[in-house]
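Structure file run_39.pdb; described as PDB, N, CA and C atoms.
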MODEL        1
ATOM      1  N   MET E  71     -46.970  73.624  55.148
ATOM      2  CA  MET E  71     -46.008  73.644  54.059
ATOM      3  C   MET E  71     -44.816  72.792  54.484
ATOM      4  N   THR E  72     -44.394  71.894  53.628
ATOM      5  CA  THR E  72     -43.286  71.007  53.960
ATOM      6  C   THR E  72     -41.967  71.747  53.853
ATOM      7  N   ARG E  73     -40.936  71.136  54.415
ATOM      8  CA  ARG E  73     -39.608  71.748  54.362
ATOM      9  C   ARG E  73     -39.128  71.892  52.931
ATOM     10  N   LYS E  74     -39.413  70.893  52.113
ATOM     11  CA  LYS E  74     -38.975  70.931  50.712
ATOM     12  C   LYS E  74     -39.645  72.077  49.983
ATOM     13  N   SER E  75     -40.964  72.215  50.144
ATOM     14  CA  SER E  75     -41.660  73.280  49.434
ATOM     15  C   SER E  75     -41.238  74.640  49.971
ATOM     16  N   LEU E  76     -40.962  74.737  51.274
ATOM     17  CA  LEU E  76     -40.475  75.983  51.849
ATOM     18  C   LEU E  76     -39.109  76.321  51.277
ATOM     19  N   ALA E  77     -38.235  75.323  51.160
ATOM     20  CA  ALA E  77     -36.899  75.560  50.599
ATOM     21  C   ALA E  77     -36.997  75.999  49.154
ATOM     22  N   VAL E  78     -37.897  75.387  48.404
ATOM     23  CA  VAL E  78     -38.073  75.750  46.997
ATOM     24  C   VAL E  78     -38.620  77.169  46.889
ATOM     25  N   CYS E  79     -39.611  77.515  47.725
ATOM     26  CA  CYS E  79     -40.183  78.864  47.691
ATOM     27  C   CYS E  79     -39.122  79.910  48.023
ATOM     28  N   LEU E  80     -38.331  79.639  49.065
ATOM     29  CA  LEU E  80     -37.273  80.572  49.427
ATOM     30  C   LEU E  80     -36.252  80.702  48.306
ATOM     31  N   SER E  81     -35.880  79.593  47.702
ATOM     32  CA  SER E  81     -34.910  79.628  46.613
ATOM     33  C   SER E  81     -35.448  80.397  45.423
ATOM     34  N   VAL E  82     -36.718  80.178  45.108
ATOM     35  CA  VAL E  82     -37.327  80.893  43.984
ATOM     36  C   VAL E  82     -37.394  82.380  44.290
ATOM     37  N   GLY E  83     -37.774  82.711  45.514
ATOM     38  CA  GLY E  83     -37.841  84.122  45.900
ATOM     39  C   GLY E  83     -36.485  84.796  45.836
ATOM     40  N   ILE E  84     -35.477  84.144  46.363
ATOM     41  CA  ILE E  84     -34.122  84.697  46.325
ATOM     42  C   ILE E  84     -33.640  84.796  44.886
ATOM     43  N   ALA E  85     -33.911  83.753  44.103
ATOM     44  CA  ALA E  85     -33.484  83.767  42.706
ATOM     45  C   ALA E  85     -34.161  84.899  41.951
ATOM     46  N   THR E  86     -35.435  85.140  42.245
ATOM     47  CA  THR E  86     -36.156  86.224  41.579
ATOM     48  C   THR E  86     -35.539  87.571  41.916
ATOM     49  N   LEU E  87     -35.236  87.763  43.202
ATOM     50  CA  LEU E  87     -34.597  89.021  43.601
ATOM     51  C   LEU E  87     -33.225  89.174  42.957
ATOM     52  N   LEU E  88     -32.451  88.112  42.986
ATOM     53  CA  LEU E  88     -31.125  88.176  42.391
ATOM     54  C   LEU E  88     -31.203  88.369  40.888
ATOM     55  N   TRP E  89     -32.142  87.716  40.269
ATOM     56  CA  TRP E  89     -32.295  87.797  38.818
ATOM     57  C   TRP E  89     -32.688  89.199  38.390
ATOM     58  N   SER E  90     -33.617  89.818  39.121
ATOM     59  CA  SER E  90     -34.058  91.160  38.739
ATOM     60  C   SER E  90     -32.910  92.157  38.872
ATOM     61  N   GLY E  91     -32.112  92.027  39.930
ATOM     62  CA  GLY E  91     -30.970  92.933  40.089
ATOM     63  C   GLY E  91     -29.901  92.692  39.040
ATOM     64  N   ALA E  92     -29.627  91.431  38.740
ATOM     65  CA  ALA E  92     -28.584  91.101  37.769
ATOM     66  C   ALA E  92     -29.012  91.459  36.360
ATOM     67  N   SER E  93     -30.303  91.270  36.042
ATOM     68  CA  SER E  93     -30.748  91.565  34.686
ATOM     69  C   SER E  93     -30.732  93.065  34.430
ATOM     70  N   GLN E  94     -31.003  93.842  35.458
ATOM     71  CA  GLN E  94     -30.947  95.289  35.289
ATOM     72  C   GLN E  94     -29.513  95.735  35.050
ATOM     73  N   ALA E  95     -28.576  95.084  35.676
ATOM     74  CA  ALA E  95     -27.181  95.447  35.510
ATOM     75  C   ALA E  95     -26.613  94.857  34.222
ATOM     76  N   GLY E  96     -27.331  93.905  33.625
ATOM     77  CA  GLY E  96     -26.871  93.300  32.382
ATOM     78  C   GLY E  96     -25.737  92.319  32.588
ATOM     79  N   GLU E  97     -25.649  91.717  33.739
ATOM     80  CA  GLU E  97     -24.559  90.783  34.039
ATOM     81  C   GLU E  97     -25.087  89.352  33.957
ATOM     82  N   LYS E  98     -25.214  88.871  32.750
ATOM     83  CA  LYS E  98     -25.792  87.550  32.519
ATOM     84  C   LYS E  98     -24.970  86.440  33.164
ATOM     85  N   GLU E  99     -23.656  86.536  33.095
ATOM     86  CA  GLU E  99     -22.795  85.494  33.669
ATOM     87  C   GLU E  99     -22.963  85.400  35.181
ATOM     88  N   ASP E 100     -23.066  86.560  35.845
ATOM     89  CA  ASP E 100     -23.260  86.553  37.297
ATOM     90  C   ASP E 100     -24.594  85.927  37.664
ATOM     91  N   MET E 101     -25.603  86.231  36.869
ATOM     92  CA  MET E 101     -26.930  85.683  37.126
ATOM     93  C   MET E 101     -26.914  84.162  36.983
ATOM     94  N   GLU E 102     -26.267  83.654  35.954
ATOM     95  CA  GLU E 102     -26.183  82.208  35.752
ATOM     96  C   GLU E 102     -25.419  81.534  36.883
ATOM     97  N   ALA E 103     -24.351  82.166  37.340
ATOM     98  CA  ALA E 103     -23.570  81.604  38.445
ATOM     99  C   ALA E 103     -24.397  81.569  39.728
ATOM    100  N   MET E 104     -25.167  82.635  39.977
ATOM    101  CA  MET E 104     -26.011  82.665  41.178
ATOM    102  C   MET E 104     -27.095  81.597  41.099
ATOM    103  N   GLN E 105     -27.692  81.422  39.904
ATOM    104  CA  GLN E 105     -28.732  80.411  39.753
ATOM    105  C   GLN E 105     -28.166  79.016  39.959
ATOM    106  N   LYS E 106     -26.987  78.755  39.422
ATOM    107  CA  LYS E 106     -26.350  77.453  39.615
ATOM    108  C   LYS E 106     -26.090  77.195  41.096
ATOM    109  N   GLN E 107     -25.642  78.221  41.811
ATOM    110  CA  GLN E 107     -25.373  78.071  43.239
ATOM    111  C   GLN E 107     -26.664  77.797  44.011
ATOM    112  N   LEU E 108     -27.735  78.515  43.683
ATOM    113  CA  LEU E 108     -29.017  78.279  44.345
ATOM    114  C   LEU E 108     -29.533  76.871  44.063
ATOM    115  N   ASN E 109     -29.421  76.440  42.813
ATOM    116  CA  ASN E 109     -29.847  75.083  42.465
ATOM    117  C   ASN E 109     -29.054  74.051  43.246
ATOM    118  N   GLN E 110     -27.763  74.255  43.365
ATOM    119  CA  GLN E 110     -26.916  73.320  44.105
ATOM    120  C   GLN E 110     -27.286  73.299  45.584
ATOM    121  N   ASN E 111     -27.602  74.475  46.138
ATOM    122  CA  ASN E 111     -28.013  74.539  47.547
ATOM    123  C   ASN E 111     -29.264  73.707  47.797
ATOM    124  N   VAL E 112     -30.225  73.770  46.880
ATOM    125  CA  VAL E 112     -31.461  72.990  47.025
ATOM    126  C   VAL E 112     -31.166  71.501  46.891
ATOM    127  N   LEU E 113     -30.334  71.131  45.918
ATOM    128  CA  LEU E 113     -30.028  69.721  45.690
ATOM    129  C   LEU E 113     -29.179  69.117  46.797
ATOM    130  N   ASP E 114     -28.379  69.928  47.477
ATOM    131  CA  ASP E 114     -27.515  69.416  48.541
ATOM    132  C   ASP E 114     -28.296  69.012  49.785
ATOM    133  N   ARG E 115     -29.479  69.595  49.960
ATOM    134  CA  ARG E 115     -30.290  69.263  51.133
ATOM    135  C   ARG E 115     -31.062  67.983  50.853
ATOM    136  N   PRO E 116     -30.980  67.007  51.728
ATOM    137  CA  PRO E 116     -31.750  65.779  51.496
ATOM    138  C   PRO E 116     -33.242  66.069  51.636
ATOM    139  N   PHE E 117     -34.028  65.380  50.837
ATOM    140  CA  PHE E 117     -35.474  65.570  50.902
ATOM    141  C   PHE E 117     -36.030  64.897  52.142
ATOM    142  N   ASN E 118     -36.933  65.565  52.785
ATOM    143  CA  ASN E 118     -37.604  65.018  53.942
ATOM    144  C   ASN E 118     -39.097  65.032  53.644
ATOM    145  N   SER E 119     -39.664  63.882  53.421
ATOM    146  CA  SER E 119     -41.088  63.812  53.088
ATOM    147  C   SER E 119     -41.973  64.042  54.300
ATOM    148  N   GLY E 120     -41.383  64.351  55.388
ATOM    149  CA  GLY E 120     -42.133  64.536  56.616
ATOM    150  C   GLY E 120     -41.725  63.462  57.602
ATOM    151  N   ASP E 121     -42.366  63.450  58.706
ATOM    152  CA  ASP E 121     -42.058  62.483  59.744
ATOM    153  C   ASP E 121     -42.583  61.118  59.309
ATOM    154  N   LYS E 122     -41.669  60.220  58.944
ATOM    155  CA  LYS E 122     -42.086  58.896  58.458
ATOM    156  C   LYS E 122     -42.828  58.111  59.536
ATOM    157  N   ALA E 123     -42.497  58.362  60.784
ATOM    158  CA  ALA E 123     -43.209  57.679  61.870
ATOM    159  C   ALA E 123     -44.680  58.088  61.873
ATOM    160  N   SER E 124     -44.953  59.370  61.611
ATOM    161  CA  SER E 124     -46.349  59.812  61.604
ATOM    162  C   SER E 124     -47.086  59.245  60.390
ATOM    163  N   ILE E 125     -46.390  59.099  59.259
ATOM    164  CA  ILE E 125     -47.015  58.491  58.077
ATOM    165  C   ILE E 125     -47.358  57.035  58.366
ATOM    166  N   MET E 126     -46.425  56.307  58.959
ATOM    167  CA  MET E 126     -46.659  54.891  59.260
ATOM    168  C   MET E 126     -47.774  54.725  60.298
ATOM    169  N   ALA E 127     -47.818  55.611  61.293
ATOM    170  CA  ALA E 127     -48.889  55.546  62.295
ATOM    171  C   ALA E 127     -50.240  55.812  61.630
ATOM    172  N   TYR E 128     -50.276  56.795  60.742
ATOM    173  CA  TYR E 128     -51.508  57.094  60.009
ATOM    174  C   TYR E 128     -51.952  55.879  59.194
ATOM    175  N   LEU E 129     -51.000  55.255  58.481
ATOM    176  CA  LEU E 129     -51.338  54.104  57.638
ATOM    177  C   LEU E 129     -51.834  52.923  58.464
ATOM    178  N   GLU E 130     -51.167  52.640  59.571
ATOM    179  CA  GLU E 130     -51.600  51.531  60.434
ATOM    180  C   GLU E 130     -53.018  51.750  60.931
ATOM    181  N   GLN E 131     -53.289  52.967  61.388
ATOM    182  CA  GLN E 131     -54.608  53.281  61.912
ATOM    183  C   GLN E 131     -55.667  53.205  60.801
ATOM    184  N   ALA E 132     -55.339  53.738  59.628
ATOM    185  CA  ALA E 132     -56.289  53.731  58.511
ATOM    186  C   ALA E 132     -56.575  52.308  58.044
ATOM    187  N   LEU E 133     -55.558  51.471  57.996
ATOM    188  CA  LEU E 133     -55.755  50.095  57.546
ATOM    189  C   LEU E 133     -56.528  49.272  58.571
ATOM    190  N   GLN E 134     -56.301  49.537  59.853
ATOM    191  CA  GLN E 134     -57.052  48.832  60.898
ATOM    192  C   GLN E 134     -58.537  49.176  60.818
ATOM    193  N   LYS E 135     -58.831  50.437  60.515
ATOM    194  CA  LYS E 135     -60.216  50.875  60.419
ATOM    195  C   LYS E 135     -60.835  50.520  59.068
ATOM    196  N   GLY E 136     -60.011  50.124  58.102
ATOM    197  CA  GLY E 136     -60.513  49.819  56.775
ATOM    198  C   GLY E 136     -60.862  51.072  55.978
ATOM    199  N   THR E 137     -60.239  52.180  56.319
ATOM    200  CA  THR E 137     -60.503  53.452  55.654
ATOM    201  C   THR E 137     -59.989  53.429  54.224
ATOM    202  N   LEU E 138     -60.837  53.833  53.291
ATOM    203  CA  LEU E 138     -60.409  53.935  51.901
ATOM    204  C   LEU E 138     -59.362  55.032  51.765
ATOM    205  N   PRO E 139     -58.430  54.878  50.837
ATOM    206  CA  PRO E 139     -57.451  55.941  50.606
ATOM    207  C   PRO E 139     -58.166  57.233  50.198
ATOM    208  N   PRO E 140     -57.677  58.381  50.652
ATOM    209  CA  PRO E 140     -58.348  59.639  50.340
ATOM    210  C   PRO E 140     -58.242  60.024  48.871
ATOM    211  N   GLN E 141     -57.294  59.456  48.166
ATOM    212  CA  GLN E 141     -57.102  59.792  46.752
ATOM    213  C   GLN E 141     -57.159  58.500  45.944
ATOM    214  N   LEU E 142     -58.257  58.301  45.226
ATOM    215  CA  LEU E 142     -58.461  57.070  44.480
ATOM    216  C   LEU E 142     -57.941  57.146  43.052
ATOM    217  N   HIS E 143     -57.657  58.345  42.584
ATOM    218  CA  HIS E 143     -57.142  58.526  41.233
ATOM    219  C   HIS E 143     -55.700  59.016  41.316
ATOM    220  N   PRO E 144     -54.886  58.655  40.343
ATOM    221  CA  PRO E 144     -53.489  59.089  40.398
ATOM    222  C   PRO E 144     -53.378  60.605  40.305
ATOM    223  N   PRO E 145     -52.352  61.160  40.932
ATOM    224  CA  PRO E 145     -52.167  62.609  40.845
ATOM    225  C   PRO E 145     -51.802  63.024  39.421
ATOM    226  N   THR E 146     -51.962  64.276  39.140
ATOM    227  CA  THR E 146     -51.627  64.808  37.824
ATOM    228  C   THR E 146     -50.169  64.500  37.504
ATOM    229  N   GLY E 147     -49.934  63.999  36.321
ATOM    230  CA  GLY E 147     -48.572  63.704  35.902
ATOM    231  C   GLY E 147     -48.116  62.290  36.196
ATOM    232  N   TRP E 148     -48.976  61.478  36.790
ATOM    233  CA  TRP E 148     -48.607  60.093  37.124
ATOM    234  C   TRP E 148     -48.246  59.351  35.837
ATOM    235  N   GLN E 149     -47.145  58.594  35.888
ATOM    236  CA  GLN E 149     -46.668  57.898  34.698
ATOM    237  C   GLN E 149     -46.528  56.407  34.965
ATOM    238  N   PRO E 150     -46.626  55.585  33.918
ATOM    239  CA  PRO E 150     -46.453  54.145  34.084
ATOM    240  C   PRO E 150     -45.079  53.835  34.682
ATOM    241  N   GLY E 151     -45.042  52.903  35.605
ATOM    242  CA  GLY E 151     -43.782  52.504  36.229
ATOM    243  C   GLY E 151     -43.402  53.309  37.453
ATOM    244  N   TRP E 152     -44.153  54.342  37.763
ATOM    245  CA  TRP E 152     -43.846  55.145  38.936
ATOM    246  C   TRP E 152     -44.238  54.403  40.210
ATOM    247  N   THR E 153     -43.586  54.783  41.295
ATOM    248  CA  THR E 153     -43.938  54.304  42.627
ATOM    249  C   THR E 153     -44.183  55.523  43.499
ATOM    250  N   CYS E 154     -44.481  55.301  44.745
ATOM    251  CA  CYS E 154     -44.717  56.415  45.663
ATOM    252  C   CYS E 154     -43.477  57.294  45.815
ATOM    253  N   SER E 155     -42.305  56.740  45.593
ATOM    254  CA  SER E 155     -41.070  57.511  45.708
ATOM    255  C   SER E 155     -41.038  58.669  44.722
ATOM    256  N   ASN E 156     -41.740  58.556  43.613
ATOM    257  CA  ASN E 156     -41.786  59.639  42.642
ATOM    258  C   ASN E 156     -42.656  60.803  43.108
ATOM    259  N   LEU E 157     -43.376  60.628  44.194
ATOM    260  CA  LEU E 157     -44.266  61.668  44.709
ATOM    261  C   LEU E 157     -43.718  62.321  45.970
ATOM    262  N   MET E 158     -42.450  62.172  46.210
ATOM    263  CA  MET E 158     -41.888  62.687  47.455
ATOM    264  C   MET E 158     -41.770  64.204  47.496
ATOM    265  N   TYR E 159     -42.229  64.882  46.458
ATOM    266  CA  TYR E 159     -42.252  66.338  46.458
ATOM    267  C   TYR E 159     -43.386  66.860  47.327
ATOM    268  N   SER E 160     -44.331  65.996  47.658
ATOM    269  CA  SER E 160     -45.501  66.413  48.426
ATOM    270  C   SER E 160     -45.791  65.394  49.523
ATOM    271  N   TYR E 161     -45.858  65.855  50.739
ATOM    272  CA  TYR E 161     -46.149  64.985  51.874
ATOM    273  C   TYR E 161     -47.494  64.281  51.678
ATOM    274  N   ASN E 162     -48.523  65.049  51.309
ATOM    275  CA  ASN E 162     -49.860  64.473  51.159
ATOM    276  C   ASN E 162     -49.928  63.476  50.010
ATOM    277  N   GLN E 163     -49.322  63.805  48.875
ATOM    278  CA  GLN E 163     -49.330  62.881  47.742
ATOM    279  C   GLN E 163     -48.594  61.592  48.097
ATOM    280  N   TYR E 164     -47.469  61.726  48.759
ATOM    281  CA  TYR E 164     -46.668  60.568  49.164
ATOM    282  C   TYR E 164     -47.456  59.685  50.126
ATOM    283  N   ARG E 165     -48.048  60.311  51.145
ATOM    284  CA  ARG E 165     -48.845  59.576  52.138
ATOM    285  C   ARG E 165     -50.038  58.894  51.484
ATOM    286  N   ASN E 166     -50.749  59.609  50.615
ATOM    287  CA  ASN E 166     -51.917  59.044  49.946
ATOM    288  C   ASN E 166     -51.533  57.876  49.046
ATOM    289  N   CYS E 167     -50.395  57.985  48.381
ATOM    290  CA  CYS E 167     -49.928  56.906  47.514
ATOM    291  C   CYS E 167     -49.613  55.659  48.344
ATOM    292  N   LEU E 168     -48.927  55.849  49.460
ATOM    293  CA  LEU E 168     -48.619  54.705  50.320
ATOM    294  C   LEU E 168     -49.893  54.048  50.841
ATOM    295  N   HIS E 169     -50.865  54.880  51.208
ATOM    296  CA  HIS E 169     -52.145  54.361  51.692
ATOM    297  C   HIS E 169     -52.818  53.556  50.576
ATOM    298  N   TYR E 170     -52.858  54.099  49.375
ATOM    299  CA  TYR E 170     -53.466  53.409  48.233
ATOM    300  C   TYR E 170     -52.757  52.077  47.981
ATOM    301  N   TYR E 171     -51.437  52.110  47.981
ATOM    302  CA  TYR E 171     -50.660  50.896  47.701
ATOM    303  C   TYR E 171     -50.905  49.824  48.764
ATOM    304  N   GLN E 172     -50.912  50.218  50.022
ATOM    305  CA  GLN E 172     -51.114  49.232  51.082
ATOM    306  C   GLN E 172     -52.558  48.723  51.114
ATOM    307  N   TYR E 173     -53.501  49.555  50.719
ATOM    308  CA  TYR E 173     -54.903  49.144  50.731
ATOM    309  C   TYR E 173     -55.216  48.192  49.577
ATOM    310  N   TYR E 174     -54.771  48.553  48.356
ATOM    311  CA  TYR E 174     -55.108  47.765  47.172
ATOM    312  C   TYR E 174     -54.021  46.766  46.764
ATOM    313  N   GLY E 175     -52.787  47.000  47.186
ATOM    314  CA  GLY E 175     -51.700  46.083  46.840
ATOM    315  C   GLY E 175     -51.032  46.387  45.520
ATOM    316  N   TYR E 176     -51.374  47.499  44.900
ATOM    317  CA  TYR E 176     -50.726  47.924  43.654
ATOM    318  C   TYR E 176     -50.778  49.460  43.600
ATOM    319  N   TYR E 177     -49.954  50.017  42.720
ATOM    320  CA  TYR E 177     -49.895  51.470  42.569
ATOM    321  C   TYR E 177     -51.028  51.957  41.684
ATOM    322  N   TYR E 178     -51.165  53.274  41.606
ATOM    323  CA  TYR E 178     -52.213  53.868  40.784
ATOM    324  C   TYR E 178     -52.124  53.345  39.353
ATOM    325  N   ARG E 179     -53.266  53.194  38.760
ATOM    326  CA  ARG E 179     -53.292  52.839  37.340
ATOM    327  C   ARG E 179     -53.405  54.124  36.558
ATOM    328  N   TYR E 180     -52.844  54.158  35.416
ATOM    329  CA  TYR E 180     -52.847  55.362  34.599
ATOM    330  C   TYR E 180     -53.896  55.308  33.525
TER     331      TYR E 180
ENDMDL
END

What's the structure tokens form of this structure?
Amino acid sequence: MTRKSLAVCLSVGIATLLWSGASQAGEKEDMEAMQKQLNQNVLDRPFNSGDKASIMAYLEQALQKGTLPPQLHPPTGWQPGWTCSNLMYSYNQYRNCLHYYQYYGYYYRY
């Protein structure tokens, strides 16, 4: 599990606990303030797609061996004009996209 997904899971879990307590008390304003604070906490942390050195080492090795990218079709939700940067929510999706791009010379087709 990546740091980003772990942070999101923790935030969702905390938000769920806070939301259930606040909704029982009927304090809608407090709940909204807590949710805004949790959202800000997640956004304040820079995204880390993983160790970029390990991604680059993987790509170099895969390209030297002529290994086909593990994901030949775009991930769910892929949109025209997207690049691998749009997939930084997932280490594997990001890595696979970079591999596809370096192997074929273009991004996924939709």

Residues selected by the PyMOL selection byres ((chain E and resi 143-159) around 6), written as number ranges by chain | E: 119, 141-142, 160-161, 163-164, 167-168, 178-179

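Atom C of Gln110 of chain E to atom C of Glu97 of chain E spans 19.9 Å [interatomic distance, one decimal].
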
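Applied to the file shown here, the PyMOL selection byres ((chain E and resi 136-139) around 7) selects the residues Gln131, Ala132, Leu133, Gln134, Lys135, Pro140, Gln141, Leu142, Asn166, His169, Tyr170 and Tyr173 of chain E.
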
Enter the distance from atom C of Tyr171 of chain E to atom C of Met126 of chain E, in Å, rounded to one decimal.
-> 12.9 Å

Which residues in segment 105-167 of chain E does DSSP call helix (DSSP H, G or I)? List them as a PyMOL selection string.
-> chain E and resi 105-114+122-135+154-157+161-167

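Atom CA of Arg165 of chain E is positioned 10.9 Å from atom CA of Ala127 of chain E.
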